[in-house]
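Engineer: Contents of coords.txt (compact mmCIF, C-alpha atoms) are below:
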# COMPACT_ATOMS: atom_id res chain seq x y z
CA MET R 30 52.05 210.12 -9.25
CA SER R 31 53.22 207.71 -6.56
CA ASN R 32 56.82 206.49 -6.60
CA PRO R 33 56.83 202.99 -8.16
CA MET R 34 60.06 202.22 -6.31
CA SER R 35 58.64 203.08 -2.91
CA LEU R 36 59.44 200.55 -0.20
CA GLU R 37 57.12 202.16 2.33
CA GLY R 38 55.95 199.58 4.85
CA HIS R 39 58.36 196.91 3.65
CA ASN R 40 60.60 194.97 6.04
CA ILE R 41 63.80 194.02 4.24
CA ILE R 42 66.69 191.82 5.39
CA VAL R 43 70.10 192.89 4.06
CA THR R 44 73.00 190.52 4.71
CA GLY R 45 76.55 191.83 4.66
CA ALA R 46 75.12 195.22 5.57
CA GLY R 47 78.20 196.46 7.39
CA GLN R 48 79.95 198.02 4.43
CA GLY R 49 80.10 198.51 0.68
CA ILE R 50 77.13 197.42 -1.41
CA GLY R 51 75.20 196.03 1.56
CA GLU R 52 75.42 199.29 3.44
CA ALA R 53 74.40 201.27 0.35
CA VAL R 54 71.39 199.00 -0.24
CA ALA R 55 70.33 199.34 3.39
CA ARG R 56 70.59 203.14 3.29
CA LEU R 57 68.66 203.49 0.04
CA SER R 58 66.00 201.01 1.18
CA ALA R 59 65.49 203.05 4.34
CA ASP R 60 65.33 206.27 2.28
CA LEU R 61 62.62 204.63 0.15
CA GLY R 62 60.57 203.89 3.26
CA ALA R 63 61.63 200.39 4.32
CA ARG R 64 62.57 199.09 7.73
CA VAL R 65 65.89 197.28 7.28
CA ILE R 66 67.04 194.23 9.19
CA LEU R 67 70.82 194.50 9.17
CA VAL R 68 72.83 191.26 9.23
CA ASP R 69 76.61 191.01 9.46
CA VAL R 70 79.45 189.53 11.50
CA GLN R 71 80.86 193.05 11.94
CA ALA R 72 79.00 194.18 15.04
CA GLU R 73 80.58 197.61 15.33
CA LYS R 74 79.81 198.55 11.73
CA ILE R 75 76.16 197.50 11.65
CA ASN R 76 75.46 198.96 15.08
CA ALA R 77 76.85 202.27 13.83
CA LEU R 78 74.70 202.03 10.69
CA ALA R 79 71.60 201.23 12.73
CA ASP R 80 72.27 204.19 15.01
CA ASP R 81 72.60 206.41 11.96
CA LEU R 82 69.35 205.16 10.41
CA GLY R 83 67.39 205.25 13.67
CA ALA R 84 65.54 202.64 15.71
CA ASP R 85 62.36 203.09 13.68
CA LYS R 86 64.22 202.26 10.48
CA ALA R 87 66.70 199.53 11.44
CA GLU R 88 67.42 196.57 13.66
CA VAL R 89 70.61 194.54 14.06
CA HIS R 90 71.36 190.81 13.96
CA ILE R 91 75.01 189.87 14.44
CA GLY R 92 76.16 186.53 13.07
CA SER R 93 77.34 184.56 10.06
CA VAL R 94 75.10 183.51 7.18
CA ALA R 95 77.27 180.39 6.96
CA ASP R 96 75.65 179.21 10.20
CA PRO R 97 72.21 177.77 9.35
CA GLY R 98 71.13 177.86 12.99
CA PHE R 99 71.87 181.57 13.22
CA VAL R 100 70.01 182.23 9.96
CA GLN R 101 66.89 180.35 11.02
CA GLY R 102 66.83 182.11 14.39
CA MET R 103 67.45 185.51 12.84
CA VAL R 104 64.60 185.15 10.35
CA ALA R 105 62.22 183.81 13.00
CA ASN R 106 63.05 186.72 15.31
CA ALA R 107 62.65 189.25 12.51
CA VAL R 108 59.25 187.84 11.58
CA THR R 109 58.11 187.84 15.21
CA LYS R 110 59.22 191.43 15.71
CA ASN R 111 58.04 192.87 12.40
CA GLY R 112 55.12 190.67 11.43
CA ALA R 113 56.34 189.93 7.91
CA ILE R 114 59.46 190.04 5.76
CA HIS R 115 58.85 191.54 2.34
CA GLY R 116 62.38 191.53 0.93
CA LEU R 117 65.75 189.81 1.24
CA VAL R 118 69.04 190.98 -0.22
CA ASN R 119 71.52 188.10 -0.14
CA ASN R 120 74.65 190.22 -0.25
CA ALA R 121 77.08 188.75 2.32
CA GLY R 122 80.28 187.55 0.71
CA ILE R 123 84.00 187.10 1.18
CA VAL R 124 87.05 186.72 -1.06
CA ARG R 125 89.90 184.29 -0.42
CA ALA R 126 92.21 184.30 -3.43
CA ALA R 127 94.55 181.57 -4.65
CA MET R 128 95.36 179.97 -7.97
CA ILE R 129 93.65 176.62 -8.56
CA ASN R 130 96.73 174.45 -8.13
CA LYS R 131 97.65 176.22 -4.89
CA MET R 132 94.24 176.63 -3.26
CA PRO R 133 93.93 174.85 0.10
CA ILE R 134 90.68 172.97 0.66
CA ASP R 135 89.75 175.20 3.61
CA THR R 136 90.16 178.30 1.40
CA TRP R 137 87.78 176.76 -1.13
CA GLN R 138 85.29 175.74 1.54
CA GLU R 139 85.25 179.04 3.42
CA VAL R 140 84.09 180.96 0.35
CA ILE R 141 81.56 178.30 -0.63
CA ASP R 142 80.14 178.30 2.91
CA VAL R 143 79.50 182.07 2.93
CA ASN R 144 78.91 182.96 -0.72
CA LEU R 145 76.87 179.93 -1.79
CA SER R 146 75.56 177.97 1.18
CA GLY R 147 74.85 181.21 3.05
CA VAL R 148 72.71 182.41 0.16
CA PHE R 149 70.75 179.15 0.24
CA TYR R 150 70.24 179.24 4.01
CA CYS R 151 68.86 182.79 3.92
CA LEU R 152 66.78 182.23 0.80
CA GLN R 153 65.29 179.04 2.22
CA ALA R 154 64.39 180.56 5.60
CA VAL R 155 62.91 183.77 4.17
CA GLY R 156 61.31 182.02 1.21
CA ARG R 157 59.47 179.56 3.43
CA HIS R 158 57.97 182.48 5.31
CA MET R 159 57.00 184.31 2.11
CA TYR R 160 55.54 181.15 0.55
CA GLN R 161 53.43 180.42 3.62
CA ARG R 162 52.21 184.01 3.82
CA HIS R 163 50.76 183.64 0.35
CA GLU R 164 49.22 180.28 1.26
CA ASP R 165 47.53 182.08 4.17
CA GLY R 166 46.06 184.68 1.83
CA ASP R 167 48.59 187.49 2.40
CA THR R 168 49.27 189.17 -0.95
CA SER R 169 51.86 191.69 0.28
CA PRO R 170 55.13 191.91 -1.70
CA ALA R 171 57.74 189.16 -1.59
CA SER R 172 61.07 189.71 -3.35
CA ILE R 173 64.47 188.08 -2.97
CA VAL R 174 67.56 189.57 -4.63
CA ASN R 175 70.71 187.44 -4.71
CA ILE R 176 73.98 189.22 -5.36
CA SER R 177 76.03 187.40 -7.99
CA SER R 178 78.94 188.62 -10.11
CA ASP R 179 80.49 188.66 -13.55
CA ALA R 180 82.84 186.06 -12.07
CA GLY R 181 79.87 183.71 -12.11
CA ARG R 182 79.19 184.38 -15.79
CA ARG R 183 82.70 184.46 -17.25
CA GLY R 184 84.95 182.81 -14.68
CA THR R 185 87.85 184.45 -12.92
CA ILE R 186 91.58 184.01 -12.39
CA GLY R 187 92.81 183.32 -8.88
CA GLN R 188 89.34 183.00 -7.34
CA ILE R 189 87.81 179.75 -8.57
CA ASN R 190 86.00 179.43 -5.24
CA TYR R 191 84.36 182.83 -5.70
CA GLY R 192 83.51 182.20 -9.36
CA ALA R 193 81.97 178.81 -8.57
CA ALA R 194 79.91 180.27 -5.73
CA LYS R 195 78.62 183.17 -7.80
CA SER R 196 77.71 180.88 -10.68
CA GLY R 197 75.89 178.69 -8.18
CA VAL R 198 73.96 181.72 -6.93
CA MET R 199 72.55 182.14 -10.43
CA GLY R 200 71.39 178.53 -10.37
CA ILE R 201 69.79 179.01 -6.96
CA THR R 202 68.00 182.09 -8.31
CA MET R 203 66.49 180.32 -11.30
CA SER R 204 65.42 177.23 -9.35
CA ALA R 205 63.79 179.20 -6.53
CA ALA R 206 62.06 181.49 -9.03
CA ARG R 207 60.51 178.48 -10.77
CA GLU R 208 59.41 176.80 -7.53
CA TRP R 209 57.91 179.88 -5.89
CA ALA R 210 56.50 181.91 -8.78
CA ALA R 211 52.96 180.59 -8.32
CA ASN R 212 53.04 181.95 -4.77
CA GLN R 213 54.18 185.35 -6.07
CA VAL R 214 57.63 185.12 -4.47
CA ARG R 215 59.99 186.80 -6.92
CA VAL R 216 63.65 185.76 -7.01
CA ASN R 217 66.25 187.56 -9.10
CA SER R 218 69.99 188.07 -9.10
CA VAL R 219 72.16 191.08 -9.79
CA CYS R 220 75.55 190.46 -11.38
CA PHE R 221 78.01 193.24 -10.65
CA GLY R 222 81.21 194.13 -12.41
CA VAL R 223 83.92 195.92 -10.47
CA VAL R 224 82.44 198.08 -7.73
CA GLU R 225 84.70 200.35 -5.70
CA THR R 226 84.63 198.52 -2.36
CA GLU R 227 87.21 197.06 0.00
CA MET R 228 86.81 193.65 -1.65
CA THR R 229 87.95 194.93 -5.04
CA GLU R 230 91.00 196.94 -3.96
CA THR R 231 93.44 194.44 -5.49
CA ILE R 232 91.87 194.22 -8.94
CA ARG R 233 91.50 198.02 -9.03
CA SER R 234 95.21 198.46 -8.32
CA ASP R 235 97.68 199.77 -10.91
CA LYS R 236 98.67 196.20 -11.77
CA PHE R 237 95.24 195.27 -13.14
CA ARG R 238 93.27 198.52 -13.54
CA ASP R 239 93.96 199.39 -17.18
CA ARG R 240 93.51 195.81 -18.41
CA ILE R 241 90.11 195.51 -16.74
CA LEU R 242 88.85 198.95 -17.77
CA ALA R 243 89.77 198.18 -21.38
CA GLN R 244 87.04 195.50 -21.31
CA VAL R 245 84.36 197.81 -19.89
CA PRO R 246 82.62 199.79 -22.67
CA MET R 247 81.66 202.59 -20.26
CA GLY R 248 85.33 202.90 -19.29
CA ARG R 249 84.93 203.21 -15.51
CA PHE R 250 84.25 201.34 -12.32
CA SER R 251 81.01 201.83 -10.37
CA ASP R 252 80.44 202.73 -6.74
CA PRO R 253 78.04 201.26 -4.16
CA GLU R 254 75.65 204.23 -4.31
CA GLU R 255 75.22 203.68 -8.05
CA VAL R 256 74.76 199.92 -8.10
CA CYS R 257 72.41 199.70 -5.11
CA GLN R 258 69.65 201.32 -7.15
CA PRO R 259 68.93 198.30 -9.42
CA VAL R 260 68.79 196.13 -6.29
CA CYS R 261 66.12 198.36 -4.77
CA PHE R 262 64.27 198.39 -8.08
CA LEU R 263 64.01 194.58 -7.93
CA LEU R 264 62.81 194.78 -4.33
CA SER R 265 60.08 197.23 -5.28
CA GLN R 266 56.73 196.76 -6.96
CA ALA R 267 58.19 198.48 -10.03
CA ALA R 268 59.59 195.00 -10.75
CA SER R 269 56.40 193.13 -9.82
CA TYR R 270 56.46 190.98 -13.00
CA ILE R 271 60.17 190.18 -13.03
CA THR R 272 61.46 186.88 -11.66
CA GLY R 273 64.22 184.41 -12.43
CA GLN R 274 66.39 187.04 -14.10
CA HIS R 275 70.07 187.95 -13.85
CA VAL R 276 70.49 191.70 -14.17
CA SER R 277 73.99 192.76 -15.22
CA VAL R 278 75.19 196.01 -13.66
CA ASN R 279 78.67 196.27 -15.10
CA GLY R 280 79.05 199.09 -17.62
CA GLY R 281 78.60 196.70 -20.54
CA TYR R 282 81.30 194.21 -19.57
CA THR R 283 79.11 191.21 -20.48
CA ILE R 284 77.20 192.48 -23.50
CA GLY R 285 75.78 189.46 -25.28
CA VAL R 286 76.74 187.00 -22.52
Using the file provided, produce a representation of the structure as structure tokens.
Structural biologist:
Amino acid sequence: MSNPMSLEGHNIIVTGAGQGIGEAVARLSADLGARVILVDVQAEKINALADDLGADKAEVHIGSVADPGFVQGMVANAVTKNGAIHGLVNNAGIVRAAMINKMPIDTWQEVIDVNLSGVFYCLQAVGRHMYQRHEDGDTSPASIVNISSDAGRRGTIGQINYGAAKSGVMGITMSAAREWAANQVRVNSVCFGVVETEMTETIRSDKFRDRILAQVPMGRFSDPEEVCQPVCFLLSQAASYITGQHVSVNGGYTIGV
């Protein structure tokens, strides 16, 4: 029996691929047969990842998803080089914490620019290409996975910018799924709980750890290698009839939400 999660022959863009979840998604995608287009502002990290994966499996584009000009150029170059883009993982994100009454406007805007507008820029550029491919009679796979968060479902303390952005990502997902479904472009989001990455070091500290774990029925945090698997499932043809959904990968933290 063939592997329903095979990504053989797929070209997949992964933003924020330099570390954490993005790196894990890129590695698993490559293991499943994909060629990965690595996007990040951290040149040293994604160049090292590309070297590790090999030139036949990876290429590098260094820049910020908050820059629409960079995004449009990156997607155009990737299409020219690879012929088609079959998947996008909108993973790039940052955290800039402050309580609401103390949050400077630039702290709000910086997170919105990367975590929300950056998702739209990438989705729009890749989605246009996927939509047109179908119009031209190309029926090869087309899947976009936007990385959201429990913060977008339940809110968060000290990161209203992040919570607002991640909630907005869910809205982007549903709207794009409705607009593009007839052209077989699938758009879903994955909402993570606490994953053991550099971005979650503070909330996994002794100050917050026990309080958070008490709300997680499975009683533990996850790691990037564990949570990247549902992302690759949504990229694959195993999820060929799934679109417009928000998949919670959080140990049960949002049961019923």
Engineer: Need the shell around R:Ile66: protein/DNA/RNA residues with any atom at most 8 Å away, counting all atoms listed in the file. Skip same-chain ones fewer than 6 positions apart. Format as a list in words?
Structural biologist: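 After dropping sequence-adjacent residues, the list is Asn40, Ile41, Ile42, Val43, Ala87, Glu88, Val89, His90 and Ala107 of chain R.
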Engineer: Measuring between only C-alpha atoms, which one of R:Phe99, R:Tyr160, R:Tyr270, R:Tyr191 shows the shortest distance to R:Ala126?
Structural biologist: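 Of all the options, R:Tyr191 lies closest to R:Ala126.
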Engineer: Would you work out the distance separating atom CA of R:His115 from atom CA of R:Ala55, expressed in Å to one decimal?
Structural biologist: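 Atom CA of R:His115 sits 13.9 Å away from atom CA of R:Ala55.
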Engineer: Once 4 Å is added on each side, what are the centre and the three edge lengths, in Å to one decimal, of the axis-aligned box enclosing the listed atoms of stretch 275-281 of chain R? Present them as JSON.
Structural biologist:
{"center_x": 74.6, "center_y": 193.5, "center_z": -17.1, "size_x": 17.0, "size_y": 19.1, "size_z": 14.9}
Engineer: Choose the residue, out of R:Val124, R:Ala206, R:Leu152, R:Val216, that has the smallest atom-to-atom separation from R:Gly192; count all atoms listed in the file.
Structural biologist: R:Val124
Engineer: Near R:Ile123, counting all atoms listed in the file, which residues have an atom at most 7 Å away, once you skip same-chain residues fewer than 3 positions from it, shown as a VMD selection string?
Structural biologist: chain R and resid 140 143 to 144
Engineer: List as JSON, numbers by chain the protein and nucleic acid residues near R:Ala193, meaning an atom at most 10 Å away when only C-alpha atoms are counted, but skip any in the same chain fewer than 3 places from it.
Structural biologist: {"R": [137, 140, 141, 144, 145, 180, 181, 182, 184, 185, 188, 189, 190, 196, 197, 198]}
Engineer: Hey, can you check how far atom CA of R:Val276 sits from atom CA of R:Gly38?
Structural biologist: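 Atom CA of R:Gly38 lies 25.2 Å from atom CA of R:Val276.
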Engineer: For stretch 77-79 of chain R, please output as a PyMOL selection string all residues within 8 Å (counting all atoms listed in the file; exclusion window: fewer than 2 positions along the same chain).
Structural biologist: chain R and resi 47+52+67+73-75+81-84+86-89
Engineer: Per residue of stretch 216-262 of chain R within 10 Å of stretch 168-175 of chain R, record the nearest atom pair and its distance in Å to one decimal, counting only C-alpha atoms, with rows in chain order and ascending residue number, as a tab-separated table.
Structural biologist:
residue	atom	partner	partner_atom	distance
R:Val216	CA	R:Ile173	CA	4.7
R:Asn217	CA	R:Val174	CA	5.1
R:Ser218	CA	R:Asn175	CA	4.5
R:Val219	CA	R:Asn175	CA	6.4
R:Cys220	CA	R:Asn175	CA	8.8
R:Val260	CA	R:Val174	CA	6.9
R:Cys261	CA	R:Val174	CA	8.9
Engineer: Store the residues picked out above, limited to C-alpha atoms, as a short mmCIF file (atom, residue, chain, number, x, y, z; two decimals), in the frame of the given file.
Structural biologist:
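Result file follows (part29.cif):
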data_model
loop_
_atom_site.label_atom_id
_atom_site.label_comp_id
_atom_site.auth_asym_id
_atom_site.auth_seq_id
_atom_site.Cartn_x
_atom_site.Cartn_y
_atom_site.Cartn_z
CA VAL R 216 63.65 185.76 -7.01
CA ASN R 217 66.25 187.56 -9.10
CA SER R 218 69.99 188.07 -9.10
CA VAL R 219 72.16 191.08 -9.79
CA CYS R 220 75.55 190.46 -11.38
CA VAL R 260 68.79 196.13 -6.29
CA CYS R 261 66.12 198.36 -4.77
#
Engineer: Which residues are near R:Arg215? Cut-off 10 Å, only C-alpha atoms, ignore same chain within fewer than 3 positions. Put them as number ranges by chain.
Structural biologist: R: 116, 156, 159, 170-174, 202, 205-207, 209-212, 263-264, 268-274
Engineer: Kindly indicate which residue among R:Met247, R:Ala154, R:Leu117, R:Ala127 lies nearest to R:Gly102, using all atoms listed in the file for the distances.
Structural biologist: R:Ala154
Engineer: Record the distance separating atom CA of R:Gln71 and atom CA of R:Ser178, expressed in Å with one decimal.
Structural biologist: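 Pair atom CA of R:Gln71 / atom CA of R:Ser178 returns 22.6 Å.
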Engineer: Of the candidates R:Ala267, R:Val223, R:Ile284, R:Val104, which shows the shortest atom-to-atom distance to R:Pro246, using all atoms listed in the file?
Structural biologist: R:Ile284
Engineer: Go through R:Gly200, R:Gly187, R:Gly166, R:Gly112 one by one, measure the shortest atom-to-atom distance of each to R:Thr136 using all atoms listed in the file, and give the residue with the smallest value.
Structural biologist: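 Looking only at the distances to R:Thr136, the closest residue turns out to be R:Gly187.
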Engineer: Name the closest residue to R:Ser177 among the candidates R:Val278, R:Met228, R:Ala59, R:Val155; distances are taken between atoms, counting all atoms listed in the file.
Structural biologist: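 With all atoms listed in the file as the atom set, the closest residue is R:Val278.
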Engineer: Pull the neighbourhood of (74.2, 189.8, 11.1) for me: all residues within 6 Å in file coordinates, counting all atoms listed in the file, as a PyMOL selection string.
Structural biologist: chain R and resi 68-70+90-92
Engineer: Reconstruct N, CA and C atoms of stretch 104-133 of chain R from the incomplete input and present them as a JSON list (two decimals), in the coordinates of the input.
Structural biologist:
[["chain", "number", "residue", "atom", "x", "y", "z"],
["R", 104, "VAL", "N", 65.82, 184.95, 11.14],
["R", 104, "VAL", "CA", 64.60, 185.15, 10.35],
["R", 104, "VAL", "C", 63.37, 185.00, 11.24],
["R", 105, "ALA", "N", 63.36, 184.00, 12.10],
["R", 105, "ALA", "CA", 62.22, 183.81, 13.00],
["R", 105, "ALA", "C", 62.04, 185.01, 13.91],
["R", 106, "ASN", "N", 63.14, 185.55, 14.44],
["R", 106, "ASN", "CA", 63.05, 186.72, 15.31],
["R", 106, "ASN", "C", 62.56, 187.95, 14.55],
["R", 107, "ALA", "N", 63.05, 188.10, 13.32],
["R", 107, "ALA", "CA", 62.65, 189.25, 12.51],
["R", 107, "ALA", "C", 61.17, 189.19, 12.17],
["R", 108, "VAL", "N", 60.68, 188.00, 11.88],
["R", 108, "VAL", "CA", 59.25, 187.84, 11.58],
["R", 108, "VAL", "C", 58.41, 188.14, 12.82],
["R", 109, "THR", "N", 58.84, 187.60, 13.96],
["R", 109, "THR", "CA", 58.11, 187.84, 15.21],
["R", 109, "THR", "C", 58.04, 189.32, 15.53],
["R", 110, "LYS", "N", 59.15, 190.02, 15.35],
["R", 110, "LYS", "CA", 59.22, 191.43, 15.71],
["R", 110, "LYS", "C", 58.48, 192.32, 14.72],
["R", 111, "ASN", "N", 58.56, 191.97, 13.43],
["R", 111, "ASN", "CA", 58.04, 192.87, 12.40],
["R", 111, "ASN", "C", 56.74, 192.41, 11.75],
["R", 112, "GLY", "N", 56.37, 191.17, 11.99],
["R", 112, "GLY", "CA", 55.12, 190.67, 11.43],
["R", 112, "GLY", "C", 55.27, 189.99, 10.09],
["R", 113, "ALA", "N", 56.12, 190.52, 9.24],
["R", 113, "ALA", "CA", 56.34, 189.93, 7.91],
["R", 113, "ALA", "C", 57.67, 190.44, 7.36],
["R", 114, "ILE", "N", 58.28, 189.62, 6.51],
["R", 114, "ILE", "CA", 59.46, 190.04, 5.76],
["R", 114, "ILE", "C", 59.05, 190.14, 4.30],
["R", 115, "HIS", "N", 59.27, 191.30, 3.71],
["R", 115, "HIS", "CA", 58.85, 191.54, 2.34],
["R", 115, "HIS", "C", 60.01, 191.47, 1.34],
["R", 116, "GLY", "N", 61.24, 191.55, 1.83],
["R", 116, "GLY", "CA", 62.38, 191.53, 0.93],
["R", 116, "GLY", "C", 63.61, 190.95, 1.60],
["R", 117, "LEU", "N", 64.45, 190.33, 0.80],
["R", 117, "LEU", "CA", 65.75, 189.81, 1.24],
["R", 117, "LEU", "C", 66.79, 190.18, 0.20],
["R", 118, "VAL", "N", 67.90, 190.75, 0.65],
["R", 118, "VAL", "CA", 69.04, 190.98, -0.22],
["R", 118, "VAL", "C", 70.18, 190.10, 0.28],
["R", 119, "ASN", "N", 70.46, 189.05, -0.48],
["R", 119, "ASN", "CA", 71.52, 188.10, -0.14],
["R", 119, "ASN", "C", 72.85, 188.65, -0.64],
["R", 120, "ASN", "N", 73.47, 189.49, 0.18],
["R", 120, "ASN", "CA", 74.65, 190.22, -0.25],
["R", 120, "ASN", "C", 75.94, 189.76, 0.42],
["R", 121, "ALA", "N", 75.87, 189.11, 1.57],
["R", 121, "ALA", "CA", 77.08, 188.75, 2.32],
["R", 121, "ALA", "C", 78.03, 187.92, 1.47],
["R", 122, "GLY", "N", 79.30, 188.29, 1.49],
["R", 122, "GLY", "CA", 80.28, 187.55, 0.71],
["R", 122, "GLY", "C", 81.69, 187.85, 1.16],
["R", 123, "ILE", "N", 82.59, 186.92, 0.86],
["R", 123, "ILE", "CA", 84.00, 187.10, 1.18],
["R", 123, "ILE", "C", 84.84, 186.69, -0.03],
["R", 124, "VAL", "N", 86.09, 187.10, -0.02],
["R", 124, "VAL", "CA", 87.05, 186.72, -1.06],
["R", 124, "VAL", "C", 88.26, 186.10, -0.38],
["R", 125, "ARG", "N", 88.67, 184.95, -0.89],
["R", 125, "ARG", "CA", 89.90, 184.29, -0.42],
["R", 125, "ARG", "C", 90.62, 183.79, -1.67],
["R", 126, "ALA", "N", 91.60, 184.55, -2.12],
["R", 126, "ALA", "CA", 92.21, 184.30, -3.43],
["R", 126, "ALA", "C", 93.35, 183.29, -3.37],
["R", 127, "ALA", "N", 93.43, 182.48, -4.42],
["R", 127, "ALA", "CA", 94.55, 181.57, -4.65],
["R", 127, "ALA", "C", 94.36, 180.95, -6.03],
["R", 128, "MET", "N", 95.45, 180.67, -6.70],
["R", 128, "MET", "CA", 95.36, 179.97, -7.97],
["R", 128, "MET", "C", 94.89, 178.54, -7.72],
["R", 129, "ILE", "N", 94.28, 177.93, -8.72],
["R", 129, "ILE", "CA", 93.65, 176.62, -8.56],
["R", 129, "ILE", "C", 94.61, 175.59, -7.98],
["R", 130, "ASN", "N", 95.81, 175.50, -8.56],
["R", 130, "ASN", "CA", 96.73, 174.45, -8.13],
["R", 130, "ASN", "C", 97.35, 174.70, -6.77],
["R", 131, "LYS", "N", 97.10, 175.89, -6.20],
["R", 131, "LYS", "CA", 97.65, 176.22, -4.89],
["R", 131, "LYS", "C", 96.56, 176.45, -3.83],
["R", 132, "MET", "N", 95.32, 176.28, -4.19],
["R", 132, "MET", "CA", 94.24, 176.63, -3.26],
["R", 132, "MET", "C", 94.04, 175.52, -2.22],
["R", 133, "PRO", "N", 94.22, 175.83, -0.94],
["R", 133, "PRO", "CA", 93.93, 174.85, 0.10],
["R", 133, "PRO", "C", 92.43, 174.55, 0.15]]
